[in-house]
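Visitor: Below is the structure I would like to discuss, written out as structure tokens.
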Amino acid sequence: MRILVLGRTGYLGRHVVAHLRGLPDTHLPEAGRSSTGAGAGLRVDLAADSPDRLAKTLAEAAPDAVINCAGATGGDAVTLAEVNARGPAALCAALRQAAPRARLVHLGSAAEYGPGEPGTKVTETAATRPLGPYGATKLAGTAVVTASGLDAVVLRVGNPVGPGAPPTGLPGRVAALLREAGAATGTGTGTMLRLGDLSAYRDFVDVRDVARAAVLAVTAAGPLPAVLNIGGGEAVRVRDLVHTLACRAGFGGRIEEDTGTVGGSARSAAVSWQCSDITAAGEALGWRPSYTLEESLAALWADGGAGTGDTDAPGRDATGTEGDRAP
């Protein structure tokens, strides 16, 4: 089976590729925004390439399936629209030309739902009310994929956490701050970490579980639902995550919250609760999370701070949602 992974150098993409390499009789064509350097493969830039150019590239790759991990989590509205909305549209148009029978697995974001109702897990049929450009552009990408007529499924990913988490998200950022504090004083004693309001609830899911869901989706027999939630299935107070990670790091300092922002992001201050119902993913894929949050945080800390986001396209990495890109 030939599986083309787009965004393969990003946070989720790296884990997806690692899982796919464990499958027998699977070939992974190399593709990325750069076509130069050692081991370079096909050049694909979803934000800039025309559908015709993409179709020629796809024809050369001849994929049986495509997993789209490419996306932008930061930048201005134009960048977000180019990568998260225009990119999937161009990809779907190219697939219809070059590989109409290929399965497409597209990584969406729980930010597409917007603010949740405390105590309620959102299902795939819930209303979508994104608050900002990130969630809105991810929703536009989902709309394009689900209306494409292709054999496609969108995985709406919650808050990824685990080994390699980049500093663009809260877990990776806090881990980096804790490492800096430890490097300065040994245990961070006497150090103060200033973070945003940590009272929000988020649905965290291990990045390795997200990758496993993508692999199950791309190899599943028969049609799949248009959208599947991929999350931890539990609402966790962000404050608890931060303190668990600080305990894992042996941090002896103090954590101070700025109640004016959520996790340091003013854009998502109104998103105080998010939690996904993951029943449908269990029924369609036989998938459930296999890592606890404690295990994910332990792996993040043990990883040593190697996460850098998407090395192929700085600032472009489908890392899922953290509220409407927070906390």
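Identifiers for the structure tokens are assigned positionally: chains receive A, B, ... in sequence, residues are indexed from 1 per chain, and ligands are indexed from 1 in the order shown.
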If we count only C-alpha atoms, what is near Ser50 of chain A at a cut-off of 10 Å, once residues fewer than 2 positions away on the same chain are taken out, given as a PyMOL selection string?
Guide: chain A and resi 45-48+52-55+87+90-91+93-94
Visitor: If we count only C-alpha atoms and set the cut-off at 12 Å, which residues sit around Pro100 of chain A, ignoring sequence neighbours fewer than 2 positions away in its own chain? Please answer as a PyMOL selection string.
Guide: chain A and resi 55+58-59+62-66+91-98+102-104+148-152
Visitor: Atoms to include: C-alpha atoms. Write the selected residues as a short mmCIF file (atom, residue, chain, number, x, y, z; two decimals), in the first residue's frame.
Guide:
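After the write, again-v3.cif holds the following:
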data_model
loop_
_atom_site.label_atom_id
_atom_site.label_comp_id
_atom_site.auth_asym_id
_atom_site.auth_seq_id
_atom_site.Cartn_x
_atom_site.Cartn_y
_atom_site.Cartn_z
CA ALA A 55 -2.36 16.59 -9.50
CA LEU A 58 0.05 13.01 -6.95
CA ALA A 59 0.09 11.15 -10.24
CA ALA A 62 0.47 7.17 -7.19
CA PRO A 63 -0.87 6.88 -3.63
CA ASP A 64 -3.49 4.42 -2.48
CA ALA A 65 -4.15 6.80 0.40
CA VAL A 66 -3.19 10.27 1.64
CA LEU A 91 -5.62 18.79 -2.35
CA CYS A 92 -9.16 17.52 -2.90
CA ALA A 93 -9.28 19.01 -6.39
CA ALA A 94 -5.95 17.38 -7.24
CA LEU A 95 -7.01 14.02 -5.84
CA ARG A 96 -10.16 14.06 -7.96
CA GLN A 97 -7.92 14.47 -11.02
CA ALA A 98 -5.03 12.17 -10.20
CA ALA A 102 -7.42 7.10 -2.90
CA ARG A 103 -8.61 7.40 0.68
CA LEU A 104 -8.00 10.80 2.26
CA SER A 148 -15.38 16.54 -1.94
CA GLY A 149 -17.03 13.28 -3.00
CA LEU A 150 -13.80 11.45 -2.19
CA ASP A 151 -13.35 8.46 0.10
CA ALA A 152 -12.45 10.81 2.94
#
Visitor: Within 9 Å of segment 234-245 of chain A, counting only C-alpha atoms, which residues qualify if same-chain residues fewer than 4 places away don't, as JSON, numbers by chain?
Guide: {"A": [119, 121, 170, 171, 174, 175, 178, 197, 198, 199, 200, 201, 202, 203, 204, 249, 250, 251, 255, 263, 273, 274, 275, 276, 277, 293, 294, 297, 298, 300, 301, 327]}
Visitor: Would you kindly return, as a JSON list (two decimals) with all heavy atoms, in the first residue's frame, each protein, DNA or RNA residue with an atom no farther than 6 Å from any atom of Glu257 of chain A, considering only C-alpha atoms and excluding same-chain residues fewer than 5 positions away?
Guide:
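Everything below was put into part_1.json:
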[["chain", "number", "residue", "atom", "x", "y", "z"],
["A", 194, "ARG", "N", 5.24, 32.38, 35.36],
["A", 194, "ARG", "CA", 4.03, 33.17, 35.15],
["A", 194, "ARG", "C", 3.31, 32.67, 33.90],
["A", 194, "ARG", "O", 3.84, 32.74, 32.79],
["A", 194, "ARG", "CB", 4.38, 34.65, 35.00],
["A", 194, "ARG", "CG", 4.85, 35.30, 36.30],
["A", 194, "ARG", "CD", 5.09, 36.80, 36.12],
["A", 194, "ARG", "NE", 5.35, 37.46, 37.37],
["A", 194, "ARG", "CZ", 6.54, 37.53, 37.95],
["A", 194, "ARG", "NH1", 7.60, 36.98, 37.36],
["A", 194, "ARG", "NH2", 6.70, 38.13, 39.11],
["A", 195, "LEU", "N", 2.12, 32.15, 34.11],
["A", 195, "LEU", "CA", 1.32, 31.62, 33.02],
["A", 195, "LEU", "C", -0.04, 32.32, 33.00],
["A", 195, "LEU", "O", -0.36, 33.11, 33.89],
["A", 195, "LEU", "CB", 1.12, 30.10, 33.19],
["A", 195, "LEU", "CG", 2.40, 29.27, 33.25],
["A", 195, "LEU", "CD1", 2.08, 27.83, 33.63],
["A", 195, "LEU", "CD2", 3.13, 29.31, 31.92],
["A", 196, "GLY", "N", -0.84, 32.02, 31.98],
["A", 196, "GLY", "CA", -2.17, 32.59, 31.92],
["A", 196, "GLY", "C", -3.12, 31.89, 32.88],
["A", 196, "GLY", "O", -2.72, 31.05, 33.69],
["A", 197, "ASP", "N", -4.38, 32.23, 32.80],
["A", 197, "ASP", "CA", -5.42, 31.61, 33.62],
["A", 197, "ASP", "C", -5.50, 30.13, 33.25],
["A", 197, "ASP", "O", -5.73, 29.77, 32.10],
["A", 197, "ASP", "CB", -6.74, 32.31, 33.34],
["A", 197, "ASP", "CG", -7.88, 31.80, 34.22],
["A", 197, "ASP", "OD1", -7.68, 30.81, 34.95],
["A", 197, "ASP", "OD2", -8.97, 32.40, 34.17]]
Visitor: Identify which of the residues A:Ser290, A:Thr26, A:Ser109, A:Asn159 lies closest to Ala213 of chain A, counting only C-alpha atoms when measuring atom-to-atom distances.
Guide: A:Ser290
Visitor: Quick one, how far is atom CA of Tyr291 of chain A from atom CA of Gly172 of chain A?
Guide: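 A separation of 17.4 Å between them.
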Visitor: Which residue is closest to Ala280 of chain A? Choose from A:Ala217, A:Ala85, A:Leu155, A:Leu228 and count only C-alpha atoms.
Guide: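 Selected residue with least distance to Ala280 of chain A: A:Leu228.
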Visitor: Nearest residue to Leu28 of chain A out of A:Pro115, A:Pro289, A:Gly41, A:Pro225, using only C-alpha atoms?
Guide: A:Gly41
Visitor: From the list A:Ala18, A:Ala111, A:Ala281, A:Ala183, which residue is nearest Ala127 of chain A when using only C-alpha atoms?
Guide: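 Closest residue, counting only C-alpha atoms: A:Ala111.
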Visitor: Would you please work out which residue, of A:His106, A:Arg33, A:Arg288, A:His15, is nearest to Ala89 of chain A when using only C-alpha atoms?
Guide: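 Ranked by minimum distance to Ala89 of chain A, first place goes to A:His106.
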Visitor: List every residue of segment 73-170 of chain A that DSSP, applied to the backbone of this structure, places in alpha helix (DSSP H), and write the result as an MDAnalysis selection string.
Guide: chainID A and resid 77:80 87:98 133:146 170
Visitor: Keeping N, CA and C atoms, export the residues of the selection given above as an mmCIF file, in the first residue's frame.
Guide:
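The resulting selection_38.cif:
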data_model
loop_
_atom_site.group_PDB
_atom_site.id
_atom_site.type_symbol
_atom_site.label_atom_id
_atom_site.label_comp_id
_atom_site.auth_asym_id
_atom_site.auth_seq_id
_atom_site.Cartn_x
_atom_site.Cartn_y
_atom_site.Cartn_z
ATOM 1 N N ALA A 77 -4.288 35.826 9.740
ATOM 2 C CA ALA A 77 -5.463 35.188 9.157
ATOM 3 C C ALA A 77 -5.213 34.714 7.730
ATOM 4 N N VAL A 78 -4.388 35.444 6.993
ATOM 5 C CA VAL A 78 -4.095 35.052 5.616
ATOM 6 C C VAL A 78 -3.342 33.725 5.592
ATOM 7 N N THR A 79 -2.324 33.604 6.440
ATOM 8 C CA THR A 79 -1.561 32.354 6.512
ATOM 9 C C THR A 79 -2.460 31.197 6.917
ATOM 10 N N LEU A 80 -3.282 31.415 7.935
ATOM 11 C CA LEU A 80 -4.186 30.354 8.397
ATOM 12 C C LEU A 80 -5.137 29.922 7.284
ATOM 13 N N GLY A 87 -5.504 24.979 1.348
ATOM 14 C CA GLY A 87 -4.711 23.765 1.174
ATOM 15 C C GLY A 87 -5.557 22.521 0.971
ATOM 16 N N PRO A 88 -6.496 22.211 1.877
ATOM 17 C CA PRO A 88 -7.346 21.037 1.666
ATOM 18 C C PRO A 88 -8.191 21.128 0.389
ATOM 19 N N ALA A 89 -8.621 22.359 0.039
ATOM 20 C CA ALA A 89 -9.407 22.509 -1.186
ATOM 21 C C ALA A 89 -8.582 22.130 -2.412
ATOM 22 N N ALA A 90 -7.345 22.620 -2.466
ATOM 23 C CA ALA A 90 -6.465 22.289 -3.590
ATOM 24 C C ALA A 90 -6.147 20.797 -3.609
ATOM 25 N N LEU A 91 -5.929 20.212 -2.432
ATOM 26 C CA LEU A 91 -5.620 18.794 -2.351
ATOM 27 C C LEU A 91 -6.784 17.950 -2.863
ATOM 28 N N CYS A 92 -7.996 18.288 -2.453
ATOM 29 C CA CYS A 92 -9.160 17.516 -2.897
ATOM 30 C C CYS A 92 -9.343 17.635 -4.408
ATOM 31 N N ALA A 93 -9.159 18.831 -4.939
ATOM 32 C CA ALA A 93 -9.282 19.011 -6.387
ATOM 33 C C ALA A 93 -8.244 18.173 -7.126
ATOM 34 N N ALA A 94 -7.020 18.154 -6.602
ATOM 35 C CA ALA A 94 -5.951 17.384 -7.242
ATOM 36 C C ALA A 94 -6.210 15.889 -7.139
ATOM 37 N N LEU A 95 -6.712 15.436 -5.997
ATOM 38 C CA LEU A 95 -7.012 14.016 -5.844
ATOM 39 C C LEU A 95 -8.105 13.576 -6.804
ATOM 40 N N ARG A 96 -9.099 14.420 -7.021
ATOM 41 C CA ARG A 96 -10.156 14.057 -7.962
ATOM 42 C C ARG A 96 -9.603 13.870 -9.372
ATOM 43 N N GLN A 97 -8.544 14.611 -9.700
ATOM 44 C CA GLN A 97 -7.921 14.466 -11.017
ATOM 45 C C GLN A 97 -7.005 13.252 -11.099
ATOM 46 N N ALA A 98 -6.142 13.114 -10.092
ATOM 47 C CA ALA A 98 -5.030 12.173 -10.202
ATOM 48 C C ALA A 98 -5.231 10.841 -9.488
ATOM 49 N N PRO A 133 -9.897 32.899 13.869
ATOM 50 C CA PRO A 133 -9.454 32.472 12.527
ATOM 51 C C PRO A 133 -8.949 31.041 12.472
ATOM 52 N N TYR A 134 -8.248 30.592 13.529
ATOM 53 C CA TYR A 134 -7.737 29.212 13.479
ATOM 54 C C TYR A 134 -8.873 28.210 13.353
ATOM 55 N N GLY A 135 -9.821 28.259 14.292
ATOM 56 C CA GLY A 135 -10.928 27.319 14.248
ATOM 57 C C GLY A 135 -11.768 27.472 12.999
ATOM 58 N N ALA A 136 -11.966 28.717 12.561
ATOM 59 C CA ALA A 136 -12.778 28.966 11.368
ATOM 60 C C ALA A 136 -12.125 28.401 10.114
ATOM 61 N N THR A 137 -10.807 28.563 9.988
ATOM 62 C CA THR A 137 -10.131 28.049 8.799
ATOM 63 C C THR A 137 -10.031 26.528 8.825
ATOM 64 N N LYS A 138 -9.878 25.946 10.016
ATOM 65 C CA LYS A 138 -9.894 24.484 10.103
ATOM 66 C C LYS A 138 -11.273 23.947 9.732
ATOM 67 N N LEU A 139 -12.321 24.645 10.156
ATOM 68 C CA LEU A 139 -13.679 24.224 9.801
ATOM 69 C C LEU A 139 -13.901 24.317 8.303
ATOM 70 N N ALA A 140 -13.367 25.362 7.680
ATOM 71 C CA ALA A 140 -13.485 25.489 6.228
ATOM 72 C C ALA A 140 -12.806 24.310 5.529
ATOM 73 N N GLY A 141 -11.644 23.901 6.037
ATOM 74 C CA GLY A 141 -10.962 22.745 5.472
ATOM 75 C C GLY A 141 -11.789 21.484 5.615
ATOM 76 N N THR A 142 -12.406 21.307 6.769
ATOM 77 C CA THR A 142 -13.272 20.146 6.981
ATOM 78 C C THR A 142 -14.445 20.156 6.016
ATOM 79 N N ALA A 143 -15.051 21.315 5.820
ATOM 80 C CA ALA A 143 -16.199 21.417 4.916
ATOM 81 C C ALA A 143 -15.813 21.013 3.495
ATOM 82 N N VAL A 144 -14.634 21.431 3.068
ATOM 83 C CA VAL A 144 -14.169 21.079 1.726
ATOM 84 C C VAL A 144 -13.975 19.572 1.596
ATOM 85 N N VAL A 145 -13.340 18.968 2.599
ATOM 86 C CA VAL A 145 -13.050 17.533 2.538
ATOM 87 C C VAL A 145 -14.339 16.710 2.551
ATOM 88 N N THR A 146 -15.264 17.061 3.444
ATOM 89 C CA THR A 146 -16.484 16.261 3.561
ATOM 90 C C THR A 146 -17.410 16.423 2.362
ATOM 91 N N LEU A 170 0.610 24.627 25.000
ATOM 92 C CA LEU A 170 0.858 24.775 26.428
ATOM 93 C C LEU A 170 1.749 23.688 27.020
#
Visitor: Quick one: residues within 9 Å of Ile278 of chain A, only C-alpha atoms, excluding same-chain residues fewer than 3 positions away - as a list in words?
Guide: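 The contact residues come out as Lys121, Val122, Thr123, Glu124, Leu228, Asn229, Ile230, Gly231, Gly232, Gly233, Ala281, Gly282, Trp287 and Arg288 of chain A.
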Visitor: Expressed in Å to a single decimal, how great is the separation between atom CA of Tyr113 of chain A and atom CA of Ala126 of chain A?
Guide: 7.4 Å
Visitor: State, in Å with one decimal place, the distance from atom CA of Gly32 of chain A to atom CA of Val161 of chain A.
Guide: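 These atoms are spaced 23.9 Å apart.
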Visitor: Set the distance at 10 Å and use only C-alpha atoms: which residues neighbour Ile67 of chain A once local chain neighbours fewer than 2 positions away are removed? I'd like the list as a PyMOL selection string.
Guide: chain A and resi 3-8+13+16-17+65+69-70+103-107+152-154+214-215+217-218
Visitor: For the residues in that selection, give me N, CA and C atoms as a PDB file, in the first residue's frame.
Guide:
ATOM      1  N   ILE A   3       1.171   5.042   0.799  1.00  0.00           N
ATOM      2  CA  ILE A   3       0.505   6.059   1.613  1.00  0.00           C
ATOM      3  C   ILE A   3       1.348   7.322   1.603  1.00  0.00           C
ATOM      4  N   LEU A   4       0.777   8.405   1.133  1.00  0.00           N
ATOM      5  CA  LEU A   4       1.457   9.691   1.086  1.00  0.00           C
ATOM      6  C   LEU A   4       1.063  10.500   2.317  1.00  0.00           C
ATOM      7  N   VAL A   5       2.047  10.864   3.125  1.00  0.00           N
ATOM      8  CA  VAL A   5       1.806  11.670   4.323  1.00  0.00           C
ATOM      9  C   VAL A   5       2.260  13.095   4.051  1.00  0.00           C
ATOM     10  N   LEU A   6       1.344  14.031   4.105  1.00  0.00           N
ATOM     11  CA  LEU A   6       1.662  15.443   3.933  1.00  0.00           C
ATOM     12  C   LEU A   6       1.797  16.094   5.307  1.00  0.00           C
ATOM     13  N   GLY A   7       2.796  16.969   5.453  1.00  0.00           N
ATOM     14  CA  GLY A   7       3.101  17.511   6.771  1.00  0.00           C
ATOM     15  C   GLY A   7       3.845  16.505   7.629  1.00  0.00           C
ATOM     16  N   ARG A   8       4.636  15.664   7.007  1.00  0.00           N
ATOM     17  CA  ARG A   8       5.283  14.544   7.693  1.00  0.00           C
ATOM     18  C   ARG A   8       6.373  14.983   8.660  1.00  0.00           C
ATOM     19  N   GLY A  13       2.690  14.659  12.170  1.00  0.00           N
ATOM     20  CA  GLY A  13       3.171  13.941  10.996  1.00  0.00           C
ATOM     21  C   GLY A  13       4.309  12.986  11.300  1.00  0.00           C
ATOM     22  N   VAL A  16       2.815   9.936  12.915  1.00  0.00           N
ATOM     23  CA  VAL A  16       2.064   9.151  11.938  1.00  0.00           C
ATOM     24  C   VAL A  16       3.015   8.314  11.086  1.00  0.00           C
ATOM     25  N   VAL A  17       4.079   8.948  10.601  1.00  0.00           N
ATOM     26  CA  VAL A  17       5.056   8.224   9.775  1.00  0.00           C
ATOM     27  C   VAL A  17       5.686   7.093  10.575  1.00  0.00           C
ATOM     28  N   ALA A  65      -3.525   6.004  -0.646  1.00  0.00           N
ATOM     29  CA  ALA A  65      -4.149   6.798   0.405  1.00  0.00           C
ATOM     30  C   ALA A  65      -3.265   8.001   0.713  1.00  0.00           C
ATOM     31  N   CYS A  69      -1.519  15.813   7.305  1.00  0.00           N
ATOM     32  CA  CYS A  69      -1.168  16.353   8.616  1.00  0.00           C
ATOM     33  C   CYS A  69      -0.734  17.807   8.529  1.00  0.00           C
ATOM     34  N   ALA A  70      -0.731  18.378   7.332  1.00  0.00           N
ATOM     35  CA  ALA A  70      -0.257  19.741   7.147  1.00  0.00           C
ATOM     36  C   ALA A  70      -1.305  20.730   7.629  1.00  0.00           C
ATOM     37  N   ARG A 103      -7.977   6.941  -0.560  1.00  0.00           N
ATOM     38  CA  ARG A 103      -8.610   7.405   0.678  1.00  0.00           C
ATOM     39  C   ARG A 103      -7.857   8.622   1.199  1.00  0.00           C
ATOM     40  N   LEU A 104      -8.591   9.613   1.668  1.00  0.00           N
ATOM     41  CA  LEU A 104      -8.003  10.799   2.264  1.00  0.00           C
ATOM     42  C   LEU A 104      -8.361  10.840   3.745  1.00  0.00           C
ATOM     43  N   VAL A 105      -7.339  10.900   4.597  1.00  0.00           N
ATOM     44  CA  VAL A 105      -7.520  11.106   6.034  1.00  0.00           C
ATOM     45  C   VAL A 105      -6.979  12.491   6.337  1.00  0.00           C
ATOM     46  N   HIS A 106      -7.862  13.377   6.740  1.00  0.00           N
ATOM     47  CA  HIS A 106      -7.494  14.778   6.986  1.00  0.00           C
ATOM     48  C   HIS A 106      -7.588  15.065   8.477  1.00  0.00           C
ATOM     49  N   LEU A 107      -6.542  15.675   9.026  1.00  0.00           N
ATOM     50  CA  LEU A 107      -6.543  15.998  10.448  1.00  0.00           C
ATOM     51  C   LEU A 107      -7.174  17.363  10.665  1.00  0.00           C
ATOM     52  N   ALA A 152     -13.184   9.950   2.012  1.00  0.00           N
ATOM     53  CA  ALA A 152     -12.450  10.813   2.941  1.00  0.00           C
ATOM     54  C   ALA A 152     -13.061  10.794   4.328  1.00  0.00           C
ATOM     55  N   VAL A 153     -12.207  11.012   5.311  1.00  0.00           N
ATOM     56  CA  VAL A 153     -12.636  11.151   6.701  1.00  0.00           C
ATOM     57  C   VAL A 153     -11.808  12.249   7.352  1.00  0.00           C
ATOM     58  N   VAL A 154     -12.456  13.057   8.170  1.00  0.00           N
ATOM     59  CA  VAL A 154     -11.773  14.090   8.948  1.00  0.00           C
ATOM     60  C   VAL A 154     -11.689  13.625  10.391  1.00  0.00           C
ATOM     61  N   ALA A 214      -5.008   7.755  12.983  1.00  0.00           N
ATOM     62  CA  ALA A 214      -4.817   8.061  11.566  1.00  0.00           C
ATOM     63  C   ALA A 214      -4.480   6.796  10.775  1.00  0.00           C
ATOM     64  N   VAL A 215      -3.655   5.933  11.356  1.00  0.00           N
ATOM     65  CA  VAL A 215      -3.290   4.687  10.684  1.00  0.00           C
ATOM     66  C   VAL A 215      -4.492   3.762  10.571  1.00  0.00           C
ATOM     67  N   ALA A 217      -7.569   4.695  10.416  1.00  0.00           N
ATOM     68  CA  ALA A 217      -8.485   5.282   9.442  1.00  0.00           C
ATOM     69  C   ALA A 217      -8.021   5.036   8.017  1.00  0.00           C
ATOM     70  N   VAL A 218      -6.730   5.108   7.780  1.00  0.00           N
ATOM     71  CA  VAL A 218      -6.239   4.966   6.410  1.00  0.00           C
ATOM     72  C   VAL A 218      -6.263   3.511   5.947  1.00  0.00           C
TER      73      VAL A 218
END
